[in-house]
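Listing of target-v3.txt, compact mmCIF, C-alpha atoms and all ligand atoms
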# COMPACT_ATOMS: atom_id res chain seq x y z
CA MET A 71 -35.75 39.31 -30.60
CA ASN A 72 -34.81 42.99 -30.64
CA TRP A 73 -32.70 44.59 -27.96
CA LEU A 74 -30.77 47.77 -27.52
CA ILE A 75 -27.65 49.10 -25.81
CA GLU A 76 -27.85 52.77 -24.86
CA ASN A 77 -25.23 55.27 -23.56
CA GLY A 78 -22.37 52.99 -24.59
CA THR A 79 -18.88 53.52 -25.97
CA PHE A 80 -18.15 51.20 -28.89
CA LEU A 81 -14.73 50.33 -30.33
CA THR A 82 -16.14 49.11 -33.61
CA GLN A 83 -13.08 47.97 -35.62
CA ASP A 84 -14.87 49.63 -38.52
CA PRO A 85 -12.24 51.89 -40.14
CA GLU A 86 -14.95 54.32 -41.24
CA ARG A 87 -15.92 55.13 -37.65
CA PRO A 88 -13.68 53.44 -35.09
CA VAL A 89 -15.32 54.88 -31.97
CA VAL A 90 -19.07 55.43 -31.53
CA ARG A 91 -20.58 56.93 -28.37
CA GLY A 92 -24.24 56.13 -28.40
CA TRP A 93 -26.44 53.12 -29.13
CA LEU A 94 -26.34 49.71 -30.77
CA ALA A 95 -29.44 47.72 -31.70
CA VAL A 96 -29.61 43.96 -32.30
CA ARG A 97 -32.23 42.05 -34.25
CA GLY A 98 -31.93 38.26 -34.12
CA ASP A 99 -28.29 37.30 -34.59
CA ARG A 100 -27.19 40.58 -36.22
CA ILE A 101 -26.47 44.19 -35.44
CA ALA A 102 -29.46 46.13 -36.75
CA GLY A 103 -27.86 49.55 -36.34
CA LEU A 104 -25.60 51.75 -34.27
CA GLY A 105 -25.19 55.45 -33.98
CA GLU A 106 -24.07 58.45 -31.98
CA GLY A 107 -26.12 59.90 -29.15
CA GLU A 108 -29.63 58.74 -28.39
CA ALA A 109 -31.26 55.91 -30.31
CA PRO A 110 -34.03 57.02 -32.68
CA GLN A 111 -37.60 56.58 -31.44
CA ASP A 112 -38.43 53.81 -33.94
CA VAL A 113 -35.45 51.77 -32.67
CA ARG A 114 -36.36 52.32 -29.02
CA SER A 115 -40.00 51.43 -29.52
CA VAL A 116 -39.26 47.91 -30.86
CA ALA A 117 -36.53 47.05 -28.32
CA ARG A 118 -37.86 44.46 -25.91
CA GLU A 119 -34.79 44.63 -23.70
CA ARG A 120 -32.44 47.52 -22.97
CA VAL A 121 -28.88 47.46 -21.67
CA ASP A 122 -27.53 50.57 -19.94
CA GLY A 123 -24.10 51.03 -21.50
CA LYS A 124 -22.96 53.68 -19.02
CA ASP A 125 -19.44 52.83 -17.76
CA LEU A 126 -19.13 50.01 -20.29
CA LEU A 127 -16.74 49.74 -23.23
CA PHE A 128 -18.03 47.51 -26.05
CA LEU A 129 -15.78 45.60 -28.43
CA PRO A 130 -16.32 42.85 -30.96
CA GLY A 131 -15.78 39.51 -29.21
CA LEU A 132 -12.17 38.32 -29.26
CA VAL A 133 -11.15 35.52 -31.63
CA ASN A 134 -8.61 32.91 -30.50
CA THR A 135 -7.24 31.30 -33.67
CA HIS A 136 -5.27 28.39 -32.24
CA GLY A 137 -5.73 25.99 -29.37
CA HIS A 138 -6.53 22.58 -28.01
CA ALA A 139 -9.42 23.38 -25.69
CA ALA A 140 -9.77 20.10 -23.80
CA MET A 141 -6.18 20.36 -22.59
CA THR A 142 -7.55 22.49 -19.76
CA LEU A 143 -7.53 19.06 -18.07
CA LEU A 144 -3.71 19.27 -17.97
CA ARG A 145 -3.33 22.85 -16.75
CA GLY A 146 -0.33 23.22 -14.44
CA TYR A 147 0.40 19.50 -14.54
CA ALA A 148 3.87 19.86 -16.10
CA ASP A 149 5.70 23.17 -16.49
CA ASP A 150 9.25 24.35 -17.09
CA LEU A 151 10.45 21.28 -19.00
CA LYS A 152 12.20 20.77 -22.32
CA LEU A 153 9.67 20.28 -25.12
CA GLN A 154 10.41 16.62 -25.91
CA GLU A 155 10.54 15.62 -22.22
CA TRP A 156 7.33 17.56 -21.60
CA LEU A 157 5.54 15.82 -24.50
CA ASN A 158 6.98 12.30 -24.10
CA HIS A 159 6.83 11.95 -20.31
CA TYR A 160 3.90 14.12 -19.32
CA ILE A 161 1.50 15.32 -22.01
CA TRP A 162 1.26 12.35 -24.39
CA PRO A 163 0.89 9.64 -21.67
CA MET A 164 -1.94 11.63 -20.08
CA GLU A 165 -3.59 12.31 -23.45
CA ALA A 166 -3.50 8.58 -24.23
CA ARG A 167 -5.83 8.07 -21.23
CA LEU A 168 -8.38 10.74 -22.21
CA THR A 169 -11.92 9.55 -22.89
CA ASP A 170 -14.48 11.27 -25.08
CA ASP A 171 -16.28 12.44 -21.92
CA ASP A 172 -13.03 14.00 -20.67
CA VAL A 173 -12.79 15.97 -23.93
CA TYR A 174 -16.39 17.13 -23.50
CA TRP A 175 -15.84 18.44 -19.96
CA GLY A 176 -12.38 19.83 -20.73
CA THR A 177 -13.80 21.76 -23.68
CA LEU A 178 -16.67 23.06 -21.52
CA LEU A 179 -14.14 24.36 -18.99
CA ALA A 180 -12.25 26.08 -21.80
CA ALA A 181 -15.49 27.59 -23.10
CA ALA A 182 -16.40 28.89 -19.64
CA GLU A 183 -12.95 30.44 -19.27
CA MET A 184 -13.01 31.99 -22.75
CA ILE A 185 -16.47 33.51 -22.27
CA ARG A 186 -15.37 34.91 -18.89
CA THR A 187 -12.37 36.59 -20.52
CA GLY A 188 -14.11 37.98 -23.60
CA THR A 189 -13.40 35.41 -26.31
CA THR A 190 -16.47 34.65 -28.42
CA ALA A 191 -14.91 32.52 -31.19
CA PHE A 192 -12.04 30.07 -31.26
CA ALA A 193 -10.23 27.51 -33.38
CA ASP A 194 -9.71 24.08 -31.93
CA MET A 195 -7.68 21.09 -33.06
CA TYR A 196 -7.98 17.90 -31.00
CA PHE A 197 -9.55 14.44 -30.98
CA PHE A 198 -13.01 13.12 -29.91
CA MET A 199 -14.10 16.27 -31.72
CA ASP A 200 -17.78 15.30 -31.78
CA ARG A 201 -17.79 15.85 -28.03
CA ALA A 202 -15.87 19.13 -28.38
CA ALA A 203 -18.49 20.27 -30.91
CA GLU A 204 -21.27 19.32 -28.48
CA ALA A 205 -19.57 21.47 -25.85
CA VAL A 206 -19.40 24.40 -28.29
CA GLU A 207 -23.06 23.96 -29.15
CA THR A 208 -24.02 23.94 -25.45
CA SER A 209 -21.87 26.97 -24.64
CA GLY A 210 -23.35 29.17 -27.38
CA MET A 211 -19.86 30.12 -28.61
CA ARG A 212 -18.67 30.24 -32.21
CA ALA A 213 -15.85 27.90 -33.26
CA SER A 214 -13.87 26.50 -36.13
CA LEU A 215 -13.09 22.89 -35.30
CA CYS A 216 -10.88 20.21 -36.76
CA ARG A 217 -9.82 16.73 -35.84
CA GLY A 218 -6.05 16.78 -35.33
CA ILE A 219 -4.45 14.18 -37.62
CA ILE A 220 -1.11 12.66 -36.63
CA GLY A 221 0.02 10.58 -39.57
CA LEU A 222 2.97 8.71 -38.08
CA GLY A 223 1.39 5.26 -37.63
CA SER A 224 0.68 2.59 -40.23
CA GLU A 225 -1.11 3.49 -43.45
CA ALA A 226 -4.31 1.91 -42.13
CA GLU A 227 -4.03 4.04 -38.98
CA TRP A 228 -3.53 7.36 -40.73
CA ARG A 229 -6.17 6.61 -43.32
CA GLU A 230 -8.65 5.99 -40.52
CA LYS A 231 -7.72 9.32 -38.87
CA VAL A 232 -8.05 11.23 -42.14
CA ALA A 233 -11.42 9.55 -42.76
CA ASP A 234 -12.54 10.53 -39.26
CA GLY A 235 -11.44 14.15 -39.86
CA ILE A 236 -13.45 14.21 -43.09
CA ARG A 237 -16.49 12.61 -41.44
CA PHE A 238 -16.36 15.12 -38.59
CA ALA A 239 -16.13 18.06 -41.02
CA ARG A 240 -19.06 16.77 -43.08
CA GLU A 241 -21.24 16.24 -40.02
CA TRP A 242 -20.52 19.45 -38.15
CA HIS A 243 -19.73 22.18 -40.70
CA GLY A 244 -22.53 24.74 -40.45
CA LYS A 245 -24.14 23.17 -37.38
CA ALA A 246 -25.33 24.98 -34.22
CA ASP A 247 -27.14 27.62 -36.31
CA GLY A 248 -23.97 28.08 -38.35
CA ARG A 249 -21.82 28.82 -35.28
CA ILE A 250 -19.67 25.73 -35.87
CA ARG A 251 -17.38 25.61 -38.88
CA ALA A 252 -14.96 22.87 -39.78
CA MET A 253 -11.41 22.79 -41.07
CA LEU A 254 -9.13 19.86 -41.81
CA GLY A 255 -6.30 19.56 -39.32
CA PRO A 256 -3.16 17.69 -40.31
CA HIS A 257 -1.08 18.25 -37.15
CA ALA A 258 2.27 19.35 -38.68
CA PRO A 259 4.68 18.61 -41.53
CA TYR A 260 6.85 16.52 -39.17
CA THR A 261 3.90 14.36 -38.07
CA CYS A 262 2.19 14.12 -41.47
CA PRO A 263 4.28 12.71 -44.34
CA PRO A 264 3.38 13.89 -47.88
CA PRO A 265 0.89 11.05 -48.66
CA VAL A 266 -1.13 12.06 -45.57
CA LEU A 267 -1.06 15.74 -46.53
CA GLU A 268 -2.02 14.92 -50.12
CA LYS A 269 -5.07 12.98 -48.98
CA VAL A 270 -6.09 15.88 -46.69
CA ILE A 271 -5.63 18.45 -49.47
CA GLU A 272 -7.76 16.40 -51.84
CA ALA A 273 -10.55 16.25 -49.24
CA ALA A 274 -10.22 19.98 -48.46
CA HIS A 275 -10.81 20.75 -52.14
CA GLU A 276 -13.75 18.36 -52.30
CA LEU A 277 -15.40 19.85 -49.20
CA GLY A 278 -14.32 23.45 -49.86
CA LEU A 279 -12.65 23.69 -46.44
CA PRO A 280 -9.52 25.43 -45.13
CA ILE A 281 -6.53 23.66 -43.58
CA HIS A 282 -5.23 24.28 -40.05
CA ILE A 283 -1.69 23.04 -39.39
CA HIS A 284 1.23 23.71 -37.01
CA MET A 285 4.35 24.89 -38.82
CA SER A 286 7.89 25.84 -37.76
CA GLU A 287 7.15 26.08 -34.05
CA THR A 288 10.69 25.01 -33.10
CA ALA A 289 14.09 25.29 -34.74
CA ALA A 290 14.55 21.51 -34.33
CA GLU A 291 11.53 20.65 -36.47
CA VAL A 292 12.73 23.02 -39.20
CA GLU A 293 16.12 21.24 -39.23
CA GLN A 294 14.38 17.88 -39.38
CA ASN A 295 12.27 19.08 -42.31
CA VAL A 296 15.43 20.09 -44.18
CA ARG A 297 16.99 16.67 -43.42
CA ASP A 298 13.89 14.75 -44.50
CA TYR A 299 12.78 16.76 -47.53
CA GLY A 300 15.69 19.03 -48.48
CA VAL A 301 13.70 22.24 -47.93
CA ARG A 302 12.30 24.28 -45.06
CA PRO A 303 8.66 23.71 -43.98
CA ALA A 304 6.95 26.55 -45.90
CA GLU A 305 8.48 25.49 -49.21
CA HIS A 306 7.76 21.86 -48.39
CA LEU A 307 4.07 22.54 -47.70
CA ASP A 308 3.90 24.62 -50.86
CA ARG A 309 5.37 21.80 -52.97
CA VAL A 310 2.97 19.26 -51.50
CA GLY A 311 0.10 21.62 -52.35
CA VAL A 312 -1.23 22.64 -48.92
CA PHE A 313 -1.44 26.32 -49.93
CA THR A 314 -3.83 25.53 -52.78
CA ARG A 315 -6.39 25.73 -49.95
CA PRO A 316 -6.83 28.66 -47.54
CA THR A 317 -4.39 27.74 -44.77
CA LEU A 318 -4.03 28.75 -41.14
CA LEU A 319 -0.50 28.14 -39.83
CA ALA A 320 -0.07 27.87 -36.07
CA HIS A 321 3.13 29.45 -34.70
CA ALA A 322 5.34 30.05 -37.80
CA VAL A 323 8.15 31.07 -35.43
CA HIS A 324 11.19 30.22 -37.55
CA LEU A 325 10.84 31.75 -41.02
CA THR A 326 13.32 33.07 -43.57
CA ASP A 327 12.62 36.16 -45.69
CA GLY A 328 11.88 33.82 -48.59
CA GLU A 329 9.33 31.86 -46.56
CA ILE A 330 7.59 35.07 -45.43
CA ALA A 331 7.35 36.21 -49.07
CA LEU A 332 5.98 32.79 -50.04
CA LEU A 333 3.26 32.87 -47.34
CA ALA A 334 2.27 36.37 -48.44
CA GLU A 335 2.07 35.28 -52.07
CA ARG A 336 0.00 32.20 -51.26
CA GLY A 337 -2.29 34.05 -48.84
CA ALA A 338 -1.55 31.69 -45.95
CA ALA A 339 -2.47 33.20 -42.57
CA VAL A 340 -0.63 32.80 -39.28
CA SER A 341 -1.82 32.30 -35.71
CA HIS A 342 0.74 33.98 -33.47
CA ASN A 343 0.89 32.32 -30.02
CA PRO A 344 3.44 34.41 -28.10
CA VAL A 345 2.76 33.15 -24.57
CA SER A 346 3.06 29.49 -25.57
CA ASN A 347 6.13 30.16 -27.71
CA LEU A 348 7.87 31.90 -24.82
CA LYS A 349 6.91 29.32 -22.20
CA LEU A 350 8.21 26.43 -24.32
CA ALA A 351 11.24 28.54 -25.33
CA SER A 352 10.37 27.96 -28.99
CA GLY A 353 11.40 31.45 -30.05
CA ILE A 354 9.77 34.68 -31.19
CA ALA A 355 7.89 34.86 -34.48
CA ARG A 356 8.85 37.63 -36.93
CA VAL A 357 5.44 39.29 -36.72
CA PRO A 358 6.39 42.82 -37.88
CA ASP A 359 8.18 41.33 -40.92
CA MET A 360 5.17 39.15 -41.74
CA LEU A 361 2.76 42.07 -41.46
CA ARG A 362 5.02 44.25 -43.60
CA ALA A 363 5.05 41.54 -46.27
CA GLY A 364 1.25 41.35 -46.23
CA VAL A 365 0.74 38.12 -44.28
CA THR A 366 -2.43 38.11 -42.15
CA VAL A 367 -1.36 37.47 -38.55
CA THR A 368 -3.94 36.65 -35.86
CA LEU A 369 -3.67 35.66 -32.20
CA GLY A 370 -3.97 32.35 -30.39
CA THR A 371 -3.35 30.99 -26.93
CA ASP A 372 -2.42 27.40 -27.86
CA SER A 373 -3.45 24.95 -25.14
CA VAL A 374 -3.37 25.88 -21.47
CA ALA A 375 -0.72 23.19 -20.94
CA SER A 376 1.68 25.75 -22.44
CA ASN A 377 0.04 29.05 -21.51
CA ASN A 378 -1.57 28.48 -18.79
CA ASN A 379 -4.83 30.34 -19.31
CA LEU A 380 -7.15 31.33 -22.15
CA ASP A 381 -7.28 35.06 -21.43
CA LEU A 382 -6.57 36.47 -24.89
CA PHE A 383 -6.00 39.94 -23.41
CA GLU A 384 -2.59 38.56 -22.36
CA GLU A 385 -1.73 37.71 -25.99
CA ILE A 386 -2.97 41.13 -27.07
CA LYS A 387 -0.76 43.00 -24.62
CA LEU A 388 2.25 40.73 -25.09
CA THR A 389 2.05 40.98 -28.89
CA ALA A 390 1.97 44.77 -28.66
CA MET A 391 4.98 44.71 -26.28
CA LEU A 392 7.20 41.83 -27.37
CA HIS A 393 7.90 42.96 -30.92
CA LYS A 394 8.73 46.48 -29.80
CA GLY A 395 11.33 45.01 -27.46
CA VAL A 396 12.77 42.61 -30.02
CA THR A 397 13.02 45.15 -32.85
CA GLY A 398 14.00 48.12 -30.68
CA ASP A 399 11.22 50.06 -32.41
CA PRO A 400 8.31 51.26 -30.21
CA THR A 401 6.24 52.16 -33.29
CA VAL A 402 5.75 48.56 -34.45
CA LEU A 403 2.48 46.77 -33.63
CA PRO A 404 0.51 49.81 -32.43
CA ALA A 405 -2.44 49.04 -30.15
CA GLY A 406 -5.11 49.45 -32.82
CA GLN A 407 -3.41 47.00 -35.15
CA VAL A 408 -3.14 44.33 -32.44
CA LEU A 409 -6.83 44.73 -31.58
CA ARG A 410 -7.72 44.12 -35.23
CA MET A 411 -5.59 40.96 -35.22
CA ALA A 412 -7.56 39.73 -32.18
CA THR A 413 -11.00 40.49 -33.65
CA VAL A 414 -11.87 41.06 -37.29
CA ASP A 415 -8.71 39.52 -38.78
CA GLY A 416 -9.08 36.42 -36.59
CA ALA A 417 -12.71 35.96 -37.62
CA ARG A 418 -11.81 36.33 -41.29
CA VAL A 419 -9.10 33.64 -41.25
CA LEU A 420 -11.52 31.30 -39.49
CA GLY A 421 -13.96 31.84 -42.38
CA MET A 422 -16.51 33.54 -40.13
CA GLU A 423 -18.32 35.97 -42.37
CA ASP A 424 -19.55 39.36 -41.12
CA THR A 425 -17.94 38.71 -37.73
CA GLY A 426 -15.46 40.77 -35.71
CA MET A 427 -16.75 44.30 -36.36
CA LEU A 428 -19.52 46.31 -34.74
CA LYS A 429 -21.33 47.37 -37.87
CA GLU A 430 -24.87 47.23 -39.19
CA GLY A 431 -25.61 43.84 -40.72
CA TRP A 432 -22.70 42.12 -38.97
CA LYS A 433 -23.01 39.32 -36.44
CA ALA A 434 -23.92 40.45 -32.92
CA ASP A 435 -20.82 38.93 -31.27
CA LEU A 436 -19.72 41.49 -28.71
CA ILE A 437 -18.29 41.97 -25.25
CA ALA A 438 -18.56 44.74 -22.67
CA LEU A 439 -15.71 45.76 -20.35
CA ARG A 440 -16.39 47.57 -17.09
CA MET A 441 -14.78 50.97 -17.26
CA ASP A 442 -15.41 52.03 -13.65
CA ARG A 443 -12.09 50.56 -12.58
CA THR A 444 -9.02 52.30 -11.27
CA HIS A 445 -6.86 51.06 -14.14
CA PHE A 446 -9.11 52.74 -16.71
CA VAL A 447 -8.71 56.23 -15.19
CA PRO A 448 -8.42 58.76 -16.72
CA ARG A 449 -10.55 58.06 -19.80
CA THR A 450 -8.07 58.95 -22.48
CA ASP A 451 -7.59 56.56 -25.38
CA PHE A 452 -9.98 53.59 -25.20
CA VAL A 453 -7.96 51.50 -27.67
CA SER A 454 -4.90 52.00 -25.50
CA HIS A 455 -6.87 50.97 -22.39
CA ALA A 456 -8.24 47.83 -24.09
CA VAL A 457 -4.76 46.73 -25.22
CA TYR A 458 -2.39 47.90 -22.48
CA ALA A 459 -4.52 48.21 -19.32
CA ALA A 460 -7.35 45.66 -19.62
CA CYS A 461 -7.51 42.02 -18.60
CA GLY A 462 -10.10 39.29 -19.06
CA ALA A 463 -11.56 39.88 -15.59
CA ASP A 464 -12.80 43.30 -16.79
CA VAL A 465 -15.31 41.61 -19.09
CA GLU A 466 -18.82 42.10 -17.71
CA HIS A 467 -21.17 40.91 -20.49
CA VAL A 468 -20.76 38.65 -23.55
CA TRP A 469 -23.08 38.03 -26.51
CA VAL A 470 -22.72 35.66 -29.48
CA ASP A 471 -25.22 35.63 -32.37
CA GLY A 472 -27.22 38.19 -30.42
CA ARG A 473 -27.66 35.81 -27.47
CA GLN A 474 -26.22 36.73 -24.09
CA LEU A 475 -23.76 34.15 -22.76
CA MET A 476 -22.59 36.14 -19.71
CA ARG A 477 -24.52 38.79 -17.79
CA GLY A 478 -22.81 40.68 -14.99
CA ARG A 479 -20.09 37.98 -14.89
CA GLU A 480 -22.68 35.23 -14.49
CA LEU A 481 -22.50 32.50 -17.15
CA LEU A 482 -25.94 31.91 -18.64
CA THR A 483 -25.35 28.80 -20.76
CA LEU A 484 -22.95 26.78 -18.61
CA ASP A 485 -23.08 25.27 -15.12
CA GLU A 486 -19.66 26.45 -14.04
CA GLU A 487 -19.61 24.79 -10.62
CA ARG A 488 -20.41 21.39 -12.14
CA ILE A 489 -17.78 21.89 -14.85
CA ARG A 490 -15.07 22.76 -12.32
CA HIS A 491 -15.97 19.75 -10.21
CA GLU A 492 -16.03 17.36 -13.22
CA VAL A 493 -12.64 18.50 -14.52
CA GLN A 494 -10.97 18.26 -11.11
CA HIS A 495 -12.36 14.78 -10.58
CA ARG A 496 -11.33 13.66 -14.10
CA PHE A 497 -7.81 15.02 -13.67
CA GLU A 498 -7.42 12.98 -10.47
CA ARG A 499 -8.54 9.85 -12.35
CA LEU A 500 -6.06 10.56 -15.20
CA LEU A 501 -3.26 11.00 -12.67
CA ARG A 502 -3.97 7.62 -11.07
CA GLY A 503 -3.54 6.08 -14.56
ZN ZN A 601 -1.06 23.79 -31.04
Could you take the file, read its structure, and then write that structure out as structure tokens?
Amino acid sequence: MNWLIENGTFLTQDPERPVVRGWLAVRGDRIAGLGEGEAPQDVRSVARERVDGKDLLFLPGLVNTHGHAAMTLLRGYADDLKLQEWLNHYIWPMEARLTDDDVYWGTLLAAAEMIRTGTTAFADMYFFMDRAAEAVETSGMRASLCRGIIGLGSEAEWREKVADGIRFAREWHGKADGRIRAMLGPHAPYTCPPPVLEKVIEAAHELGLPIHIHMSETAAEVEQNVRDYGVRPAEHLDRVGVFTRPTLLAHAVHLTDGEIALLAERGAAVSHNPVSNLKLASGIARVPDMLRAGVTVTLGTDSVASNNNLDLFEEIKLTAMLHKGVTGDPTVLPAGQVLRMATVDGARVLGMEDTGMLKEGWKADLIALRMDRTHFVPRTDFVSHAVYAACGADVEHVWVDGRQLMRGRELLTLDEERIRHEVQHRFERLLRG
């Protein structure tokens, strides 16, 4: 199917031509061309559908590189508590009652919310992942999924979880027309002792897959790592061999200079989750230092239990603000750099090829923001508007793989009313115990 956007303004993320005012054509799942001014006659003549881009700002779809989608079921259930009390008394008891159907509906709610706020691709680590993958397939989104492995039980228990993570990756990697990718997801160094990590690393090499793991989210877990293994988490993971695979580290809040240099050397990427880190009072990651050292930093929401929404525009703005405040330097994390973190850099660390840039031959994953809003006047710098003035509710249209998932704020792949009803009803059941 060929279709065409005309009269649009495109923030491409392509360094060769960052802003294009004109047209963008799509053939199948890819961008067939884009250019200034009017589309050439041969492009217009084959377009079976046309989108009037007047008053719309087009961006590559946003990429959320860390989360636990089905935890939408626990939104607002427990806030403003100390981390261990929050986990032990609220989150974990509720999670123990979750069924595979709950995960399916919770993930659908997350997908609906992400599409509505301009996210087209996300990373997810949870359990009952077959049902999460089904939800992704239904939604039309792109995702990199892994079964979260907590290796604290008996050897038989953790071996079964690792085997399930491997089975899931084998079954789902490349599915949904290639929109679903798999990673292996050992939860964290403090929940996965070295034998668990070693087994995961071996499988990651065998399957050619990356590893997604939480690291150094809190100061307490770093101290525990030093007590248990004599070194801080980054060095520990390096010794065990995790970084022999492409690795995505969630949080990485508490790092020394030496650890930052090590991550840069090993090519490990970071998912920065500033809203979650602030809400749980975990701390503030050293993002400008990481970027200066050459570490790829991307953006994630974490679960809504610690966020409490999936609007990645909040992470974009907060990232651009927070590090200026902390360093006392308003030149760090300029708007354009943060937008790259939330698009093309995010897609790259999730292994999504040709995704995150509006460029000929790249995947047609894009969003359109309505520009006829008071907070986008006057039309000065569009990158500035997208980072500092926009919010998820400005998103009007969304496409993934060339297929439209939202048109004029109407979701085309998901029955939102049913999803809202299901999740409310399931939360009430979970609460009753
Ligand atoms: Zn997490």
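Shortest atom-to-atom contact with Val345 in chain A among A:Ala331, A:Val90, A:Ala463, A:Val374: A:Val374, counting only C-alpha atoms.
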> Which value, in Å to one decimal, gives the distance between CA of Thr135 in chain A and CA of Ile281 in chain A?
Replying inline: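 It comes out at 12.5 Å.
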> In Å, how far is it from CA of Val270 in chain A to CA of Gly248 in chain A?
Replying inline: 23.2 Å
Within 10 Å of ligand ZN 601 (chain A), which residues of chain A come that close, and what is the closest atom pair and distance in Å for each? Count all atoms listed in the file and give it as a tab-separated table.
residue	atom	partner	partner_atom	distance
A:His136	CA	A:ZN601	ZN	6.4
A:Gly137	CA	A:ZN601	ZN	5.4
A:His138	CA	A:ZN601	ZN	6.4
A:Ala139	CA	A:ZN601	ZN	9.9
A:Asp194	CA	A:ZN601	ZN	8.7
A:Met195	CA	A:ZN601	ZN	7.4
A:Tyr196	CA	A:ZN601	ZN	9.1
A:Gly218	CA	A:ZN601	ZN	9.6
A:His257	CA	A:ZN601	ZN	8.2
A:Ala258	CA	A:ZN601	ZN	9.4
A:His282	CA	A:ZN601	ZN	9.9
A:Ile283	CA	A:ZN601	ZN	8.4
A:His284	CA	A:ZN601	ZN	6.4
A:Met285	CA	A:ZN601	ZN	9.5
A:Glu287	CA	A:ZN601	ZN	9.0
A:Leu319	CA	A:ZN601	ZN	9.8
A:Ala320	CA	A:ZN601	ZN	6.6
A:His321	CA	A:ZN601	ZN	7.9
A:Ser341	CA	A:ZN601	ZN	9.7
A:Asn343	CA	A:ZN601	ZN	8.8
A:Ser346	CA	A:ZN601	ZN	8.9
A:Gly370	CA	A:ZN601	ZN	9.1
A:Thr371	CA	A:ZN601	ZN	8.6
A:Asp372	CA	A:ZN601	ZN	5.0
A:Ser373	CA	A:ZN601	ZN	6.5
A:Ser376	CA	A:ZN601	ZN	9.2
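If you measure from each of A:Leu380, A:Val468, A:Leu428, A:Leu222 to Met184 in chain A using all atoms listed in the file, the closest one turns out to be A:Leu380.
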>> Considering only C-alpha atoms, can you say which of A:Gly337, A:Leu254, A:Ile271, A:Met391 comes closest to Gly311 in chain A?
In response: A:Ile271
> Do you know which residues are at most 9 Å from Arg100 in chain A counting only C-alpha atoms, after dropping those on the same chain fewer than 4 positions away, and could you put them as a PyMOL selection string?
Replying inline: chain A and resi 95-96+430-435+471-472
> Which of these, A:Met211, A:Leu179, A:Val367, A:Leu129, has the shortest distance to Ile330 in chain A once you count all atoms listed in the file?
Replying inline: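 Closest residue, counting all atoms listed in the file: A:Val367.
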>> So that I can check the surroundings of Val470 in chain A, please list as a PyMOL selection string every protein, DNA and RNA residue that reaches within 12 Å of it, counting only C-alpha atoms and ignoring chain neighbours fewer than 6 positions away.
In response: chain A and resi 96+98-101+130-133+185+188-191+206-207+209-213+246-249+425-426+432-437+476+482-483
> Using all atoms listed in the file, can you list as an NGL selection string the residues within 8 Å of (-23.6, 47.1, -24.8)?
Replying inline: :A and (74-76 or 78 or 80 or 93-94 or 121-123 or 126-128 or 436-438 or 467)
>> Using all atoms listed in the file, can you tell me which of A:Arg91, A:Ala322, A:Trp162, A:Gly398 comes closest to Ala289 in chain A?
In response: A:Ala322
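Put simply, CA of Leu215 in chain A is 14.8 Å away from CA of Arg418 in chain A.
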